[in-house]
Each structure stands twice: as C-alpha cells, then as structure tokens.
Amino acid sequence: MDNERIAADFWDDLENVLLNVEYVNSIIELLLKRQELKKHEEIVLLALFDLTNNTQNTLNKMFYKNDCIKI
C-alpha cells in the first residue's frame with residue numbers, strides 16, 4: 001500500500017470518527033432537553049457533551065490544517 005493510499009484511508013477514518021462524534025453530540029443534546037433529568041444525570045451528560053465537543057473541535061482543526069497543507 002502506498003503512502004498516498006494510507007494517508008487517504010487515515011483521513012477517511014478520521015472523518016468517520018468526526019461523524020460519530022457529531023451523532024453522539026446530537027443524542028446528548030436531545031437527552032439534555034428532557035425535563036425529568038436528575039441533577040447527577042445532567043452533570044454526567046454535560047461532562048460527556050464537553051468531552052465530545054472538544055473532540056469534535058480538535059478533529060475539525062485537524063481537517064482544516066490538512067486542507068491548508070494541500071493548498
């Protein structure tokens with residue numbers, strides 16, 4: 001397998017991870033809108049949302065930097 005194919009596979013895999021993180025974020029947002037959440041459930045969901053949101057931001061930065069390198 002050549003380096004270009006390996007790099008392309010790497011970015012494809014990262015894009016799949018990003019899509020999964022976005023999906024998890026949307027589920028967390030839906031759960032946070034529920035009125036009957038207990039305080040500890042809300043705290044855990046907010047912590048998970050922060051973690052996935054930070055992951056999403058990091059991945060977006062990686063894609064942006066990769067696009068800049070290609071130009």
# chains A, B, ... in the order shown; residues from 1 in each chain; ligands from 1

call {"tool": "residues_around", "arguments": {"residues": "region 49-51 of chain A", "least_positions_apart": "2", "cutoff": "8 Å", "atoms": "only C-alpha atoms", "output": "list in words"}}
result
Asn25, Ile28, Glu29, Leu45, Leu46, Ala47, Asn53, Asn54 and Thr55 of chain A

call {"tool": "residues_around", "arguments": {"residues": "region 12-22 of chain A", "least_positions_apart": "5", "cutoff": "9 Å", "atoms": "only C-alpha atoms", "output": "compact mmCIF listing (two decimals) with C-alpha atoms, in the first residue's frame"}}
result
# COMPACT_ATOMS: atom_id res chain seq x y z
CA ALA A 7 -3.00 8.90 4.12
CA ILE A 27 -28.10 12.47 21.17
CA THR A 52 -17.29 15.07 22.68
CA ASN A 53 -17.46 18.75 21.75
CA THR A 55 -13.03 16.04 20.38
CA GLN A 56 -15.15 17.42 17.54
CA LEU A 59 -10.91 16.90 14.62
CA ASN A 60 -12.23 19.94 12.78
CA PHE A 63 -9.15 18.72 8.85

call {"tool": "residues_around", "arguments": {"residues": "Glu41 (chain A)", "least_positions_apart": "6", "cutoff": "12 Å", "atoms": "only C-alpha atoms", "output": "VMD selection string"}}
result
chain A and resid 28 31 to 35 47 to 48

call {"tool": "atom_distance", "arguments": {"atom1": "CA of Cys68 (chain A)", "atom2": "CA of Asp9 (chain A)"}}
result
18.6 Å
